[in-house]
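Student: My structure is below; once you've seen it, I'll send some questions.
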Amino acid sequence: MVLVEGKNISFSYDFDDSSFALQGVDIAIEQGEFVVILGCNGSGKSTLVKHFNALLRLQHGELRVAQIDVKNEEEIWLLRRLCGMVFQNPDNQFVSSVVEEDIAFGLENYETPRREIPERVQSALALVEMGGYEKRAPNTLSGGQKQRVALAGVLALEPEIIIFDEATAMLDPGGRQEVAKIMRKLHRAGKTIIAITHYVEEAVAADKVILMAQGRVLASGSPKAILTDLDLMKEAGMLLPLPVRLYYDLRQAGVHLNHCPLTDEELVEEICQLRSKS
Amino acid sequence: MSIKIEKLSYSYTLPSGEKVEALKDITCSIETGDFVGIMGPTGCGKTTFIQLLAGLRSPTGGRIYLDGEDINVRGYDRNRLRRTVGVVFQNPEYQLFAATVEKDVAFGLKYNGLSRSEVTGRVRWALETMGFDFEKVRAQSPLALSGGEKRRVAIAGVIATKPKILIFDEPIAGLDPYGRRNFLQFIRGMNQTGTTVIMVSHNLEALAEYTRHLLVLEQGRLIDSGPTREVFARLQQRNNGAFGQTEAQRIVALLAEGNLALSSAIITYDDLLSALKQELNGGGAG
């Protein structure tokens, strides 16, 4: 089932439509897919996903998310519950100074019966592996922990789609791994995951990569198809994943690995194979 | 401008009465013209450390000497310190406030005793250094610029005072690959013209490639320091590389498991590439 279906989406931040942040974008995301949207600063990634839960109003084109027409004002709250979002900066998405109250905030807004709230807060915290932190102040947590609490606030509302808008950009390597691990876990549990990033390493494990440049979708396909395409990645202003870069640089030096590797492990395998042959 | 740090500590008490030791007993020095990286996980005390260096906080123990002078003694000229040490905080673009780009960049020069034409000259220099066309941008509202442009305007405001020491707190977080590289090359350029640079970053590849010395903080303590390559090689040994391993180092470790032992001095991508070229070509494959 297609959960996100957009046709010919265009958007301008200027009142006079003098420059477009999105130009004729078509997009289709299946239920349960793990999609990474890759592109440089200003390529339109964030602008696009902010349409999915109507943080930005659709100006041109069509878009249906979880069977809801995003132009339908009456369903906007349902849409936002079904399509949750975690933002880049871990420090400016908290409304409360106590973790459990922060997570309860969304539930209260959706008029969840009071007696159900503690249980839903608990299970959301358990999902992000932050049980035991209920009474803590968010500002005493690490970056990765803050992002997991922000995610718990989204998960408590039981969304279908979870969007990570560069949610790892400000984190240290440990924090990035924590968030990436939870992403994979949610994906295995059947959630549809949409992650925006310009760290190519984070795109390697996706089901599908959508490459954006200058407000357009440049290409869309498997990580292998997109991330090993030298010209395409260059056009998008992206660096190649290290194993891919090494594959091409070694070729230039006359060393030919059998296949172009995508992960560090594949790279090591290719190198060991080449050595055992010689 | 050399910096000498002796037994530096900083602690505070939470409203609950709990005492937090953000920095414990740090001793190190930073030489004039050096490019020093500071690494460590979130909450390790990096930001507190640079706030102390810039004189924005006072230590609860120990001393900081700038060219031999203790910056925390009564009577030390704090205004001079502010002109000597420039800090570019994380997300500096959030700090823009003036009606025009020119006014924003000029703000820090207000009390420097410069004439009006000198101020304009400095602002022009700072904006051009940051890659702007001065005439084009001077009258624009900084708030109407793109995120990347805002960041460059904010940095122009810091370098306009020509600080001898520049401190960057996570300067490349949130930038795309080319933005990262451009910015790191700009910082390197500032360093090559004699400015001492201190850069806090989570990006291990950037630290490995650009800095000359490294300070590693963990839970408020300085757990390692020295020439960048040596520190990375030592960190690799520590906890089997769980703490601070570049991707090149990770691949070297994986290759070692596959019985291909490469030099432990491989830290950056270029190191790895040349080692593999030699190994694989020399092995008769080429």
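Identifiers in the structure tokens: chain A, B, ... in order shown; residue index from 1 per chain; ligand index from 1 in order shown.
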At a cut-off of 12 Å, using only C-alpha atoms, what residues contact Ala99 (chain B)? Leave out same-chain residues fewer than 2 positions from it and give the result as an mmCIF file with all heavy atoms, in the first residue's frame.
Tutor:
data_model
loop_
_atom_site.group_PDB
_atom_site.id
_atom_site.type_symbol
_atom_site.label_atom_id
_atom_site.label_comp_id
_atom_site.auth_asym_id
_atom_site.auth_seq_id
_atom_site.Cartn_x
_atom_site.Cartn_y
_atom_site.Cartn_z
ATOM 1 N N LEU B 96 22.023 36.469 15.037
ATOM 2 C CA LEU B 96 21.951 37.691 14.235
ATOM 3 C C LEU B 96 20.773 38.529 14.730
ATOM 4 O O LEU B 96 19.748 38.008 15.132
ATOM 5 C CB LEU B 96 21.760 37.335 12.759
ATOM 6 C CG LEU B 96 22.902 36.518 12.143
ATOM 7 C CD1 LEU B 96 22.499 36.002 10.777
ATOM 8 C CD2 LEU B 96 24.160 37.351 12.055
ATOM 9 N N PHE B 97 20.950 39.844 14.700
ATOM 10 C CA PHE B 97 19.864 40.662 15.269
ATOM 11 C C PHE B 97 19.682 42.012 14.577
ATOM 12 O O PHE B 97 18.634 42.621 14.653
ATOM 13 C CB PHE B 97 20.140 40.924 16.758
ATOM 14 C CG PHE B 97 21.368 41.757 16.966
ATOM 15 C CD1 PHE B 97 21.273 43.126 17.173
ATOM 16 C CD2 PHE B 97 22.620 41.179 16.901
ATOM 17 C CE1 PHE B 97 22.417 43.897 17.331
ATOM 18 C CE2 PHE B 97 23.761 41.936 17.056
ATOM 19 C CZ PHE B 97 23.662 43.292 17.272
ATOM 20 N N VAL B 101 23.026 43.596 7.335
ATOM 21 C CA VAL B 101 24.219 42.758 7.467
ATOM 22 C C VAL B 101 25.399 43.606 7.948
ATOM 23 O O VAL B 101 26.138 43.212 8.859
ATOM 24 C CB VAL B 101 24.539 42.083 6.105
ATOM 25 C CG1 VAL B 101 25.937 41.477 6.111
ATOM 26 C CG2 VAL B 101 23.491 41.026 5.785
ATOM 27 N N GLU B 102 25.538 44.796 7.364
ATOM 28 C CA GLU B 102 26.667 45.653 7.725
ATOM 29 C C GLU B 102 26.645 46.009 9.211
ATOM 30 O O GLU B 102 27.664 45.929 9.901
ATOM 31 C CB GLU B 102 26.650 46.934 6.870
ATOM 32 C CG GLU B 102 27.854 47.817 7.148
ATOM 33 C CD GLU B 102 27.936 49.018 6.204
ATOM 34 O OE1 GLU B 102 26.998 49.216 5.409
ATOM 35 O OE2 GLU B 102 28.938 49.741 6.282
ATOM 36 N N LYS B 103 25.463 46.385 9.708
ATOM 37 C CA LYS B 103 25.352 46.766 11.131
ATOM 38 C C LYS B 103 25.636 45.574 12.042
ATOM 39 O O LYS B 103 26.228 45.715 13.105
ATOM 40 C CB LYS B 103 23.963 47.318 11.431
ATOM 41 C CG LYS B 103 23.791 48.742 10.957
ATOM 42 C CD LYS B 103 22.414 49.261 11.336
ATOM 43 C CE LYS B 103 22.220 50.666 10.785
ATOM 44 N NZ LYS B 103 20.787 51.004 10.676
ATOM 45 N N ASP B 104 25.178 44.399 11.608
ATOM 46 C CA ASP B 104 25.381 43.209 12.428
ATOM 47 C C ASP B 104 26.873 42.904 12.578
ATOM 48 O O ASP B 104 27.370 42.681 13.677
ATOM 49 C CB ASP B 104 24.644 42.013 11.818
ATOM 50 C CG ASP B 104 24.258 40.996 12.874
ATOM 51 O OD1 ASP B 104 25.182 40.394 13.442
ATOM 52 O OD2 ASP B 104 23.066 40.834 13.156
ATOM 53 N N VAL B 105 27.569 42.942 11.472
ATOM 54 C CA VAL B 105 29.000 42.620 11.496
ATOM 55 C C VAL B 105 29.783 43.705 12.243
ATOM 56 O O VAL B 105 30.754 43.428 12.941
ATOM 57 C CB VAL B 105 29.548 42.434 10.060
ATOM 58 C CG1 VAL B 105 31.052 42.214 10.056
ATOM 59 C CG2 VAL B 105 28.844 41.254 9.382
ATOM 60 N N ALA B 106 29.313 44.966 12.138
ATOM 61 C CA ALA B 106 30.035 46.080 12.754
ATOM 62 C C ALA B 106 29.836 46.152 14.260
ATOM 63 O O ALA B 106 30.593 46.834 14.961
ATOM 64 C CB ALA B 106 29.587 47.397 12.109
ATOM 65 N N PHE B 107 28.827 45.451 14.771
ATOM 66 C CA PHE B 107 28.460 45.632 16.178
ATOM 67 C C PHE B 107 29.624 45.390 17.134
ATOM 68 O O PHE B 107 29.851 46.158 18.067
ATOM 69 C CB PHE B 107 27.291 44.714 16.535
ATOM 70 C CG PHE B 107 26.784 44.940 17.924
ATOM 71 C CD1 PHE B 107 25.984 46.034 18.212
ATOM 72 C CD2 PHE B 107 27.128 44.074 18.954
ATOM 73 C CE1 PHE B 107 25.523 46.256 19.490
ATOM 74 C CE2 PHE B 107 26.679 44.298 20.243
ATOM 75 C CZ PHE B 107 25.872 45.391 20.509
ATOM 76 N N ARG B 138 25.563 44.383 1.976
ATOM 77 C CA ARG B 138 25.653 45.243 3.157
ATOM 78 C C ARG B 138 24.307 45.752 3.656
ATOM 79 O O ARG B 138 24.086 45.852 4.867
ATOM 80 C CB ARG B 138 26.609 46.421 2.907
ATOM 81 C CG ARG B 138 26.126 47.394 1.841
ATOM 82 C CD ARG B 138 27.213 48.384 1.460
ATOM 83 N NE ARG B 138 27.558 49.297 2.534
ATOM 84 C CZ ARG B 138 28.408 50.301 2.412
ATOM 85 N NH1 ARG B 138 29.007 50.517 1.230
ATOM 86 N NH2 ARG B 138 28.668 51.086 3.421
ATOM 87 N N ALA B 139 23.391 46.091 2.751
ATOM 88 C CA ALA B 139 22.128 46.692 3.176
ATOM 89 C C ALA B 139 21.005 45.669 3.357
ATOM 90 O O ALA B 139 19.900 46.008 3.763
ATOM 91 C CB ALA B 139 21.713 47.753 2.161
ATOM 92 N N GLN B 140 21.317 44.389 3.097
ATOM 93 C CA GLN B 140 20.265 43.370 3.235
ATOM 94 C C GLN B 140 19.989 43.054 4.705
ATOM 95 O O GLN B 140 20.854 43.198 5.555
ATOM 96 C CB GLN B 140 20.701 42.077 2.551
ATOM 97 C CG GLN B 140 20.570 42.124 1.037
ATOM 98 C CD GLN B 140 20.892 40.762 0.419
ATOM 99 O OE1 GLN B 140 20.732 39.728 1.050
ATOM 100 N NE2 GLN B 140 21.365 40.797 -0.807
ATOM 101 N N SER B 141 18.774 42.575 4.956
ATOM 102 C CA SER B 141 18.477 42.089 6.310
ATOM 103 C C SER B 141 19.128 40.723 6.478
ATOM 104 O O SER B 141 18.951 39.849 5.638
ATOM 105 C CB SER B 141 16.971 41.953 6.504
ATOM 106 O OG SER B 141 16.742 41.139 7.642
ATOM 107 N N PRO B 142 19.878 40.522 7.575
ATOM 108 C CA PRO B 142 20.507 39.200 7.749
ATOM 109 C C PRO B 142 19.468 38.087 7.868
ATOM 110 O O PRO B 142 19.754 36.934 7.559
ATOM 111 C CB PRO B 142 21.320 39.352 9.035
ATOM 112 C CG PRO B 142 20.811 40.568 9.710
ATOM 113 C CD PRO B 142 20.205 41.447 8.662
ATOM 114 N N LEU B 143 18.284 38.449 8.293
ATOM 115 C CA LEU B 143 17.268 37.414 8.529
ATOM 116 C C LEU B 143 16.673 36.888 7.226
ATOM 117 O O LEU B 143 16.024 35.855 7.216
ATOM 118 C CB LEU B 143 16.160 37.957 9.441
ATOM 119 C CG LEU B 143 16.691 38.474 10.778
ATOM 120 C CD1 LEU B 143 15.569 39.008 11.631
ATOM 121 C CD2 LEU B 143 17.456 37.395 11.529
ATOM 122 N N ALA B 144 16.891 37.618 6.125
ATOM 123 C CA ALA B 144 16.333 37.181 4.841
ATOM 124 C C ALA B 144 17.291 36.265 4.092
ATOM 125 O O ALA B 144 16.978 35.781 3.020
ATOM 126 C CB ALA B 144 15.990 38.400 3.989
#
Student: List as an MDAnalysis selection string the protein and nucleic acid residues near Ala124 (chain A), meaning an atom at most 12 Å away when only C-alpha atoms are counted, but skip any in the same chain fewer than 5 places from it.
Tutor: chainID A and resid 99:100 102:104 107 117:119 129:134 148:159 182 186
Student: If we count only C-alpha atoms, which residues of chain B reach to within 7 Å of chain A? Please list them as a list in words.
Tutor: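 Residues of chain B within 7 Å of chain A, counting only C-alpha atoms: Pro41, Thr42, Gly43, Ala173, Gly174, Leu175, Asp176, Pro177, Tyr178, His202, Ile251, Leu254, Leu255, Gly258, Leu273, Lys277, Leu280, Asn281, Gly283, Gly284, Ala285 and Gly286 of chain B.
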Student: Suppose we keep all heavy atoms; can you now write the selection as a short mmCIF file (atom, residue, chain, number, x, y, z; two decimals), in the first residue's frame?
Tutor:
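Okay, again-v3.cif is ready:
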data_model
loop_
_atom_site.label_atom_id
_atom_site.label_comp_id
_atom_site.auth_asym_id
_atom_site.auth_seq_id
_atom_site.Cartn_x
_atom_site.Cartn_y
_atom_site.Cartn_z
N PRO B 41 32.46 12.96 23.91
CA PRO B 41 31.02 12.80 23.75
C PRO B 41 30.23 13.98 24.35
O PRO B 41 30.78 14.76 25.12
CB PRO B 41 30.70 11.50 24.50
CG PRO B 41 31.85 11.29 25.42
CD PRO B 41 33.04 11.93 24.80
N THR B 42 28.96 14.08 23.99
CA THR B 42 28.08 15.09 24.55
C THR B 42 28.17 15.06 26.07
O THR B 42 28.17 13.99 26.66
CB THR B 42 26.61 14.79 24.17
OG1 THR B 42 26.56 14.53 22.78
CG2 THR B 42 25.71 15.95 24.50
N GLY B 43 28.27 16.23 26.68
CA GLY B 43 28.27 16.28 28.13
C GLY B 43 29.64 16.05 28.75
O GLY B 43 29.78 15.93 29.96
N ALA B 173 28.49 21.19 12.12
CA ALA B 173 27.28 20.40 12.36
C ALA B 173 26.16 20.93 11.47
O ALA B 173 25.93 22.12 11.39
CB ALA B 173 26.87 20.48 13.83
N GLY B 174 25.49 20.03 10.79
CA GLY B 174 24.35 20.44 9.97
C GLY B 174 24.72 20.90 8.57
O GLY B 174 23.83 21.22 7.79
N LEU B 175 26.02 20.93 8.24
CA LEU B 175 26.40 21.32 6.88
C LEU B 175 26.52 20.08 5.99
O LEU B 175 26.88 19.01 6.46
CB LEU B 175 27.74 22.06 6.87
CG LEU B 175 27.81 23.39 7.61
CD1 LEU B 175 29.20 24.01 7.43
CD2 LEU B 175 26.75 24.36 7.12
N ASP B 176 26.25 20.26 4.70
CA ASP B 176 26.40 19.14 3.79
C ASP B 176 27.90 18.95 3.46
O ASP B 176 28.72 19.78 3.84
CB ASP B 176 25.53 19.33 2.53
CG ASP B 176 25.94 20.55 1.75
OD1 ASP B 176 27.14 20.83 1.62
OD2 ASP B 176 25.04 21.26 1.25
N PRO B 177 28.26 17.85 2.77
CA PRO B 177 29.68 17.53 2.59
C PRO B 177 30.50 18.68 2.01
O PRO B 177 31.59 18.97 2.50
CB PRO B 177 29.66 16.35 1.64
CG PRO B 177 28.34 15.72 1.84
CD PRO B 177 27.38 16.80 2.22
N TYR B 178 30.00 19.35 0.98
CA TYR B 178 30.80 20.41 0.38
C TYR B 178 30.84 21.64 1.28
O TYR B 178 31.88 22.30 1.38
CB TYR B 178 30.29 20.74 -1.02
CG TYR B 178 30.66 19.65 -1.98
CD1 TYR B 178 29.76 18.64 -2.29
CD2 TYR B 178 31.94 19.58 -2.53
CE1 TYR B 178 30.11 17.59 -3.13
CE2 TYR B 178 32.31 18.54 -3.36
CZ TYR B 178 31.40 17.55 -3.67
OH TYR B 178 31.76 16.51 -4.48
N HIS B 202 32.38 16.88 16.72
CA HIS B 202 32.06 15.45 16.81
C HIS B 202 32.55 14.71 15.58
O HIS B 202 32.48 13.50 15.51
CB HIS B 202 30.55 15.24 16.85
CG HIS B 202 29.90 15.69 18.11
ND1 HIS B 202 30.48 15.50 19.33
CD2 HIS B 202 28.72 16.30 18.34
CE1 HIS B 202 29.67 15.98 20.26
NE2 HIS B 202 28.61 16.48 19.69
N ILE B 251 38.11 0.33 9.21
CA ILE B 251 38.38 -0.62 8.13
C ILE B 251 39.71 -1.34 8.37
O ILE B 251 39.80 -2.55 8.15
CB ILE B 251 38.35 0.11 6.77
CG1 ILE B 251 36.90 0.48 6.46
CG2 ILE B 251 38.94 -0.74 5.66
CD1 ILE B 251 36.71 1.48 5.37
N LEU B 254 38.99 -4.05 10.77
CA LEU B 254 38.28 -5.17 10.13
C LEU B 254 39.22 -5.99 9.25
O LEU B 254 39.14 -7.22 9.23
CB LEU B 254 37.13 -4.64 9.27
CG LEU B 254 35.87 -4.12 10.00
CD1 LEU B 254 34.93 -3.43 9.03
CD2 LEU B 254 35.15 -5.28 10.69
N LEU B 255 40.12 -5.30 8.55
CA LEU B 255 41.09 -6.01 7.70
C LEU B 255 42.02 -6.87 8.54
O LEU B 255 42.40 -7.97 8.13
CB LEU B 255 41.89 -5.03 6.86
CG LEU B 255 41.16 -4.42 5.65
CD1 LEU B 255 41.95 -3.25 5.08
CD2 LEU B 255 40.92 -5.48 4.58
N GLY B 258 40.62 -10.04 9.11
CA GLY B 258 40.72 -10.87 7.91
C GLY B 258 42.17 -11.18 7.55
O GLY B 258 42.48 -11.45 6.41
N LEU B 273 44.01 4.78 1.50
CA LEU B 273 44.12 4.58 0.05
C LEU B 273 45.55 4.25 -0.34
O LEU B 273 45.79 3.29 -1.08
CB LEU B 273 43.62 5.84 -0.67
CG LEU B 273 43.72 5.80 -2.20
CD1 LEU B 273 42.83 4.70 -2.78
CD2 LEU B 273 43.33 7.15 -2.80
N LYS B 277 46.83 0.73 -1.98
CA LYS B 277 47.44 0.73 -3.31
C LYS B 277 48.72 -0.08 -3.27
O LYS B 277 48.98 -0.92 -4.12
CB LYS B 277 47.79 2.17 -3.72
CG LYS B 277 46.68 2.89 -4.46
CD LYS B 277 47.23 4.23 -4.93
CE LYS B 277 46.15 5.22 -5.21
NZ LYS B 277 46.69 6.58 -5.40
N LEU B 280 47.99 -3.91 -2.45
CA LEU B 280 47.32 -4.70 -3.48
C LEU B 280 48.08 -4.71 -4.79
O LEU B 280 48.11 -5.72 -5.49
CB LEU B 280 45.89 -4.20 -3.67
CG LEU B 280 45.00 -4.35 -2.42
CD1 LEU B 280 43.66 -3.68 -2.60
CD2 LEU B 280 44.80 -5.82 -2.04
N ASN B 281 48.72 -3.61 -5.13
CA ASN B 281 49.55 -3.61 -6.33
C ASN B 281 50.78 -4.45 -6.12
O ASN B 281 51.16 -5.25 -6.96
CB ASN B 281 49.98 -2.19 -6.70
CG ASN B 281 49.04 -1.59 -7.72
OD1 ASN B 281 48.44 -2.32 -8.51
ND2 ASN B 281 48.91 -0.28 -7.70
N GLY B 283 51.13 -6.83 -4.18
CA GLY B 283 50.79 -8.24 -4.02
C GLY B 283 50.65 -8.96 -5.35
O GLY B 283 50.25 -10.11 -5.40
N GLY B 284 50.91 -8.24 -6.46
CA GLY B 284 50.89 -8.91 -7.76
C GLY B 284 49.57 -8.78 -8.49
O GLY B 284 49.41 -9.30 -9.58
N ALA B 285 48.61 -8.08 -7.88
CA ALA B 285 47.31 -7.95 -8.52
C ALA B 285 47.34 -6.94 -9.66
O ALA B 285 46.52 -6.99 -10.55
CB ALA B 285 46.25 -7.56 -7.50
N GLY B 286 48.30 -6.01 -9.63
CA GLY B 286 48.27 -4.93 -10.62
C GLY B 286 49.26 -5.17 -11.75
O GLY B 286 49.94 -6.17 -11.81
#
Student: Among region 40-140 of chain A, which ones does DSSP place in helix (DSSP H, G or I), written as JSON, numbers by chain?
Tutor: {"A": [45, 46, 47, 48, 49, 50, 51, 52, 73, 74, 75, 76, 77, 78, 79, 80, 81, 82, 99, 100, 101, 102, 103, 104, 105, 106, 107, 108, 109, 114, 115, 116, 117, 118, 119, 120, 121, 122, 123, 124, 125, 126, 127, 138, 139, 140]}
Student: I need the residues from that last selection saved to file as a CSV table (one decimal), in the first residue's frame (with N, CA and C atoms), if you can.
Tutor:
chain,number,residue,atom,x,y,z
A,45,LYS,N,14.9,19.0,0.7
A,45,LYS,CA,14.5,17.8,1.5
A,45,LYS,C,13.5,18.1,2.6
A,46,SER,N,13.9,19.1,3.5
A,46,SER,CA,13.0,19.5,4.6
A,46,SER,C,11.7,20.1,4.1
A,47,THR,N,11.8,20.9,3.1
A,47,THR,CA,10.6,21.5,2.6
A,47,THR,C,9.6,20.4,2.1
A,48,LEU,N,10.1,19.4,1.5
A,48,LEU,CA,9.3,18.3,1.0
A,48,LEU,C,8.6,17.6,2.1
A,49,VAL,N,9.4,17.2,3.1
A,49,VAL,CA,8.7,16.3,4.2
A,49,VAL,C,7.8,17.2,5.1
A,50,LYS,N,8.0,18.5,5.2
A,50,LYS,CA,7.1,19.3,6.0
A,50,LYS,C,5.7,19.4,5.3
A,51,HIS,N,5.6,19.0,4.1
A,51,HIS,CA,4.3,18.9,3.4
A,51,HIS,C,3.6,17.6,3.9
A,52,PHE,N,4.3,16.6,4.3
A,52,PHE,CA,3.7,15.3,4.6
A,52,PHE,C,2.7,15.4,5.8
A,73,GLU,N,-8.5,20.4,5.6
A,73,GLU,CA,-8.2,21.1,6.9
A,73,GLU,C,-8.8,20.2,8.0
A,74,GLU,N,-10.0,19.6,7.7
A,74,GLU,CA,-10.6,18.9,8.8
A,74,GLU,C,-9.9,17.7,9.3
A,75,GLU,N,-9.0,17.2,8.5
A,75,GLU,CA,-8.3,16.0,8.9
A,75,GLU,C,-6.8,16.3,9.3
A,76,ILE,N,-6.5,17.5,9.5
A,76,ILE,CA,-5.1,17.9,9.7
A,76,ILE,C,-4.6,17.3,11.0
A,77,TRP,N,-5.4,17.3,12.1
A,77,TRP,CA,-5.0,16.7,13.4
A,77,TRP,C,-4.7,15.2,13.3
A,78,LEU,N,-5.6,14.6,12.6
A,78,LEU,CA,-5.4,13.1,12.4
A,78,LEU,C,-4.1,12.9,11.6
A,79,LEU,N,-3.9,13.7,10.6
A,79,LEU,CA,-2.7,13.6,9.7
A,79,LEU,C,-1.5,13.8,10.6
A,80,ARG,N,-1.5,14.7,11.5
A,80,ARG,CA,-0.3,15.0,12.3
A,80,ARG,C,-0.1,13.9,13.3
A,81,ARG,N,-1.1,13.3,13.7
A,81,ARG,CA,-0.9,12.2,14.7
A,81,ARG,C,-0.3,11.0,13.9
A,82,LEU,N,-0.8,10.7,12.7
A,82,LEU,CA,-0.3,9.6,11.9
A,82,LEU,C,1.1,9.8,11.4
A,99,VAL,N,10.7,14.8,31.8
A,99,VAL,CA,10.6,13.9,30.6
A,99,VAL,C,9.2,13.3,30.4
A,100,GLU,N,8.6,12.8,31.5
A,100,GLU,CA,7.3,12.1,31.3
A,100,GLU,C,6.2,13.1,31.0
A,101,GLU,N,6.3,14.3,31.5
A,101,GLU,CA,5.3,15.4,31.2
A,101,GLU,C,5.4,15.8,29.7
A,102,ASP,N,6.7,15.8,29.3
A,102,ASP,CA,6.9,16.2,27.9
A,102,ASP,C,6.2,15.2,26.9
A,103,ILE,N,6.4,13.9,27.3
A,103,ILE,CA,5.8,12.9,26.4
A,103,ILE,C,4.2,12.9,26.5
A,104,ALA,N,3.7,13.2,27.7
A,104,ALA,CA,2.3,13.3,27.9
A,104,ALA,C,1.6,14.5,27.2
A,105,PHE,N,2.4,15.5,26.9
A,105,PHE,CA,1.9,16.7,26.3
A,105,PHE,C,1.1,16.4,25.0
A,106,GLY,N,1.6,15.6,24.1
A,106,GLY,CA,0.9,15.3,22.9
A,106,GLY,C,-0.3,14.6,23.1
A,107,LEU,N,-0.2,13.6,24.1
A,107,LEU,CA,-1.4,12.8,24.4
A,107,LEU,C,-2.5,13.6,24.9
A,108,GLU,N,-2.2,14.6,25.8
A,108,GLU,CA,-3.2,15.5,26.4
A,108,GLU,C,-3.9,16.3,25.3
A,109,ASN,N,-3.1,16.8,24.3
A,109,ASN,CA,-3.6,17.6,23.3
A,109,ASN,C,-4.6,16.8,22.4
A,114,ARG,N,-7.3,10.3,30.6
A,114,ARG,CA,-6.3,10.5,31.6
A,114,ARG,C,-5.7,9.2,32.1
A,115,ARG,N,-6.5,8.2,32.4
A,115,ARG,CA,-6.0,7.0,33.0
A,115,ARG,C,-5.1,6.2,32.0
A,116,GLU,N,-5.3,6.5,30.7
A,116,GLU,CA,-4.4,5.7,29.8
A,116,GLU,C,-3.0,6.4,29.6
A,117,ILE,N,-2.9,7.6,30.0
A,117,ILE,CA,-1.7,8.4,29.7
A,117,ILE,C,-0.4,7.7,30.3
A,118,PRO,N,-0.4,7.4,31.6
A,118,PRO,CA,0.8,6.9,32.2
A,118,PRO,C,1.3,5.6,31.4
A,119,GLU,N,0.4,4.8,31.1
A,119,GLU,CA,0.8,3.5,30.4
A,119,GLU,C,1.4,3.8,29.0
A,120,ARG,N,0.8,4.7,28.3
A,120,ARG,CA,1.3,5.0,27.0
A,120,ARG,C,2.6,5.8,27.0
A,121,VAL,N,2.8,6.6,28.1
A,121,VAL,CA,4.1,7.3,28.3
A,121,VAL,C,5.2,6.2,28.5
A,122,GLN,N,4.8,5.2,29.4
A,122,GLN,CA,5.8,4.2,29.7
A,122,GLN,C,6.1,3.3,28.5
A,123,SER,N,5.2,3.0,27.7
A,123,SER,CA,5.5,2.1,26.6
A,123,SER,C,6.3,2.8,25.6
A,124,ALA,N,6.0,4.1,25.4
A,124,ALA,CA,6.8,4.9,24.5
A,124,ALA,C,8.2,5.0,24.9
A,125,LEU,N,8.4,5.2,26.2
A,125,LEU,CA,9.8,5.3,26.7
A,125,LEU,C,10.5,4.0,26.6
A,126,ALA,N,9.8,2.9,26.8
A,126,ALA,CA,10.4,1.6,26.7
A,126,ALA,C,10.8,1.4,25.2
A,127,LEU,N,10.0,1.8,24.3
A,127,LEU,CA,10.4,1.6,22.8
A,127,LEU,C,11.7,2.3,22.5
A,138,PRO,N,14.9,17.1,30.7
A,138,PRO,CA,15.5,16.9,29.4
A,138,PRO,C,16.9,17.5,29.3
A,139,ASN,N,17.1,18.7,29.9
A,139,ASN,CA,18.4,19.3,29.7
A,139,ASN,C,19.6,18.6,30.4
A,140,THR,N,19.3,17.6,31.2
A,140,THR,CA,20.4,16.8,31.9
A,140,THR,C,20.7,15.6,31.0
Student: Using DSSP assignments from the backbone, pull out every residue in region 4-181 of chain A that falls under strand (DSSP E) and give it to me as an NGL selection string.
Tutor: :A and (4-11 or 22-30 or 34-38 or 60-65 or 68-69 or 83-86 or 161-165)
Student: In Å, with one decimal, what is the gap from CA of Leu260 (chain B) to CA of Glu209 (chain B)?
Tutor: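 Atom-to-atom, CA of Leu260 (chain B) to CA of Glu209 (chain B), that is 24.3 Å.
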Student: For each of B:Arg212, B:Arg83, B:Leu109, B:Ile187, take the minimum atom-to-atom distance to Thr129 (chain B), counting only C-alpha atoms, then give the residue where this is smallest.
Tutor: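 Counting only C-alpha atoms, the residue closest to Thr129 (chain B) is B:Ile187.
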Student: Give me the residues near Thr228 (chain B) as a VMD selection string, where near means some atom within 7 Å (using only C-alpha atoms) and where sequence neighbours in that chain fewer than 6 positions away do not count.
Tutor: chain B and resid 208 211 to 214
Student: Output N, CA and C atoms for every residue in that selection, as a PDB file, in the first residue's frame.
Tutor:
ATOM      1  N   ALA B 208      40.672  14.561  12.352  1.00  0.00           N
ATOM      2  CA  ALA B 208      41.865  13.810  11.922  1.00  0.00           C
ATOM      3  C   ALA B 208      42.583  14.540  10.794  1.00  0.00           C
ATOM      4  N   THR B 211      43.279  19.090  12.181  1.00  0.00           N
ATOM      5  CA  THR B 211      43.920  19.631  13.378  1.00  0.00           C
ATOM      6  C   THR B 211      45.348  19.101  13.522  1.00  0.00           C
ATOM      7  N   ARG B 212      46.175  19.863  14.266  1.00  0.00           N
ATOM      8  CA  ARG B 212      47.547  19.403  14.517  1.00  0.00           C
ATOM      9  C   ARG B 212      47.671  18.756  15.896  1.00  0.00           C
ATOM     10  N   HIS B 213      46.929  19.291  16.842  1.00  0.00           N
ATOM     11  CA  HIS B 213      46.922  18.691  18.181  1.00  0.00           C
ATOM     12  C   HIS B 213      45.487  18.409  18.594  1.00  0.00           C
ATOM     13  N   LEU B 214      45.363  17.502  19.523  1.00  0.00           N
ATOM     14  CA  LEU B 214      44.032  17.088  19.945  1.00  0.00           C
ATOM     15  C   LEU B 214      43.962  17.014  21.466  1.00  0.00           C
TER      16      LEU B 214
END
Student: Report as a PyMOL selection string all protein, DNA and RNA residues lying within 8 Å of Ile162 (chain A), evaluated on only C-alpha atoms, omitting residues in the same chain fewer than 4 positions from it.
Tutor: chain A and resi 83-86+154+191-194
Student: Would you pick out the contacts of Ile165 (chain B) at 9 Å or less, using only C-alpha atoms, so that residues sharing its chain but fewer than 5 positions from it are not included, and give the list as a list in words?
Tutor: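 Once the adjacent positions are removed, what remains is Met1, Thr32, Gly33, Thr84, Val85, Gly86, Val87, Thr195, Thr196, Val197 and Ile198 of chain B.
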